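Data block below; observations after.
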There are 2 protein chains.
Amino acid sequence: MSSDIPGYRLGDPTLERVVPIDDLERMKKTALFGPDDVAALREARAILAPQVEDILDVWYGFVASQPHLVASFSKDGEPNADYLGAVRQRFGQWILDTTAAEYDQAWLDYQIEVGKRHHRIGKNLTDGVDAAPHIRFVDLIPLVYPIFGTLRGFLEKGDASPERVDAMHHAWLKALLLTITLWTQPYVRPGDF
Amino acid sequence: MSSDIPGYRLGDPTLERVVPIDDLERMKKTALFGPDDVAALREARAILAPQVEDILDVWYGFVASQPHLVASFSKDGEPNADYLGAVRQRFGQWILDTTAAEYDQAWLDYQIEVGKRHHRIGKNLTDGVDAAPHIRFVDLIPLVYPIFGTLRGFLEKGDASPERVDAMHHAWLKALLLTITLWTQPYVRPGDF
């Protein structure tokens, strides 16, 4: 199914390789991200997979409620429904991928590609749309909180113990921090990353 | 007391004003950071203040256990004890300030200043030390996790309910995300922030 999603390129061997795997390994150490987190994320995947559309409804509702965020999908104040829909398909797949990832070079390469799609160097190209030319850096890292905070209720809908929900929720946060570091790579001055 | 800490400049009106307050207000909206979080942080402050040295022991132990992190304080593989000690004083004050901040222009300006002290444009100057000339971008955002995850046990040592501990812990995460966004500002390409 995922290969049918326009613009979805996880595992595409033609993606540019900008960041070496050693940098990701270094980031994992700093974030205390290990095999237990990969396992917790897989556990989360089984709980979240049937709820992907509900999760996206919450996140899209949040973005829609914040004019400065919906502006990223807009031109002259008018949100582009086709663009929102195309990104939504990939965002749903991203939930499944984040909870199933091997956190390897292929995953890393696609995160950099997604980062470019937020930055002026790649914005709008994937979907061929006419919208805001750039998403500001200030809009990215703070968005980790709602994407983290809102997930707990969905994790609690499984029959996992509170301790396992905690483990899944913390693994999710670590994964978000690794992800956003890579998504913001195109914003970083050469040599500073 | 805080004014006695070398290099501590929160509230210094001569700090450069790089980022306007509107950007911080925008970040707060994205992170869902509001008055309830400021209040929860103040509640946390009362619990954390007597434990600052214990918290720093945990964090310094973590940094010391990771060669790529302690390298930021080192020259030719040798950690600089004076530098570590000077930063530790400010880091302790930072716990108190993060839980007492008004999240206003003065707070914002000092976070940018602290960001510069991580980046090659300002590294080592405050303490007049000879150490690694730059902390890599990849080392900053992932560090949010240990600084978040390790705090919960300290928050639980107060007599707050689990619900209040949750509220304090989440407010702390939001504050960390705002903080790290500003600390990484010097790393961002001009015009992209």
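All residue names refer to the structure tokens as shown: chains lettered A, B, ... in order, residues numbered from 1 in each chain, ligands numbered from 1 in order.
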
Report task. Apply DSSP to the backbone of this structure and, from stretch 32-174 of chain A, keep only the residues in strand (DSSP E); write these as JSON, numbers by chain. Result -> {"A": [74, 75, 78, 79]}

Requested in this report: May I have all residues of stretch 63-132 of chain A that DSSP, computed from the backbone, assigns to helix (DSSP H, G or I), given as a ChimeraX atom specification?
Outcome: /A:63-64,67-73,81-98,105-118

Report task. Compile the residues of chain B that lie within 9 Å of chain A, evaluated using only C-alpha atoms, and express the compilation as an NGL selection string. Result -> :B and (23-24 or 26-32 or 63 or 66 or 68-69 or 119-120 or 134-146 or 149 or 170 or 173-174 or 177-178 or 180-182 or 184-193)

Output for the residues just chosen: C-alpha atoms as a compact mmCIF listing (two decimals), in the first residue's frame:
```txt
# COMPACT_ATOMS: atom_id res chain seq x y z
CA ASP B 23 8.60 34.56 17.47
CA LEU B 24 8.53 33.27 21.03
CA ARG B 26 4.42 31.86 17.98
CA MET B 27 6.53 29.01 19.39
CA LYS B 28 4.43 28.94 22.56
CA LYS B 29 1.26 28.49 20.51
CA THR B 30 2.79 25.63 18.54
CA ALA B 31 3.98 23.92 21.72
CA LEU B 32 0.64 24.52 23.50
CA VAL B 63 27.48 13.52 30.11
CA GLN B 66 29.27 9.63 26.89
CA HIS B 68 31.15 12.40 22.46
CA LEU B 69 29.40 14.69 24.96
CA HIS B 119 28.25 27.42 18.69
CA ARG B 120 31.68 28.25 17.27
CA HIS B 134 31.99 23.97 18.64
CA ILE B 135 29.21 21.70 19.84
CA ARG B 136 27.55 19.93 16.96
CA PHE B 137 23.87 20.52 16.19
CA VAL B 138 23.26 16.75 16.36
CA ASP B 139 24.22 16.78 20.05
CA LEU B 140 21.64 19.35 21.13
CA ILE B 141 18.05 18.35 20.29
CA PRO B 142 18.46 14.65 21.25
CA LEU B 143 19.73 15.77 24.68
CA VAL B 144 16.21 16.97 25.42
CA TYR B 145 15.25 13.38 26.17
CA PRO B 146 17.60 12.67 29.11
CA GLY B 149 13.21 11.72 31.32
CA HIS B 170 4.84 18.06 30.45
CA LEU B 173 9.14 19.29 28.20
CA LYS B 174 7.46 22.25 26.51
CA LEU B 177 11.54 22.50 23.39
CA LEU B 178 11.25 26.31 23.45
CA ILE B 180 16.44 24.24 22.51
CA THR B 181 14.82 26.02 19.58
CA LEU B 182 16.43 29.25 20.79
CA THR B 184 20.02 26.31 18.13
CA GLN B 185 19.18 29.67 16.52
CA PRO B 186 22.87 30.51 15.91
CA TYR B 187 23.13 27.27 13.89
CA VAL B 188 20.34 28.19 11.47
CA ARG B 189 20.98 29.64 8.04
CA PRO B 190 20.20 33.35 7.80
CA GLY B 191 16.57 33.86 6.84
CA ASP B 192 15.49 30.33 7.72
CA PHE B 193 14.74 30.79 11.42
```

Which neighbours of stretch 86-93 of chain B fall inside 9 Å, counting only C-alpha atoms, when residues of the same chain fewer than 6 positions from it are skipped, and could you give them as a short mmCIF file (atom, residue, chain, number, x, y, z; two decimals) with C-alpha atoms, in the first residue's frame?
```
data_model
loop_
_atom_site.label_atom_id
_atom_site.label_comp_id
_atom_site.auth_asym_id
_atom_site.auth_seq_id
_atom_site.Cartn_x
_atom_site.Cartn_y
_atom_site.Cartn_z
CA SER B 2 22.63 34.32 40.84
CA ILE B 5 27.70 33.36 39.00
CA PRO B 6 30.38 34.19 36.43
CA GLY B 7 28.93 34.53 32.94
CA TYR B 8 25.32 34.55 34.12
CA VAL B 52 19.42 21.01 42.21
CA GLU B 53 22.79 19.50 43.10
CA ILE B 55 19.86 16.66 39.52
CA LEU B 56 23.17 18.07 38.29
CA TYR B 60 26.88 15.36 34.78
CA ASP B 127 34.80 31.16 30.56
#
```

Report summary line: For B:Leu10, the closest of B:Leu125, B:Ala101, B:Ala132, B:Ala39 counting only C-alpha atoms is B:Ala101
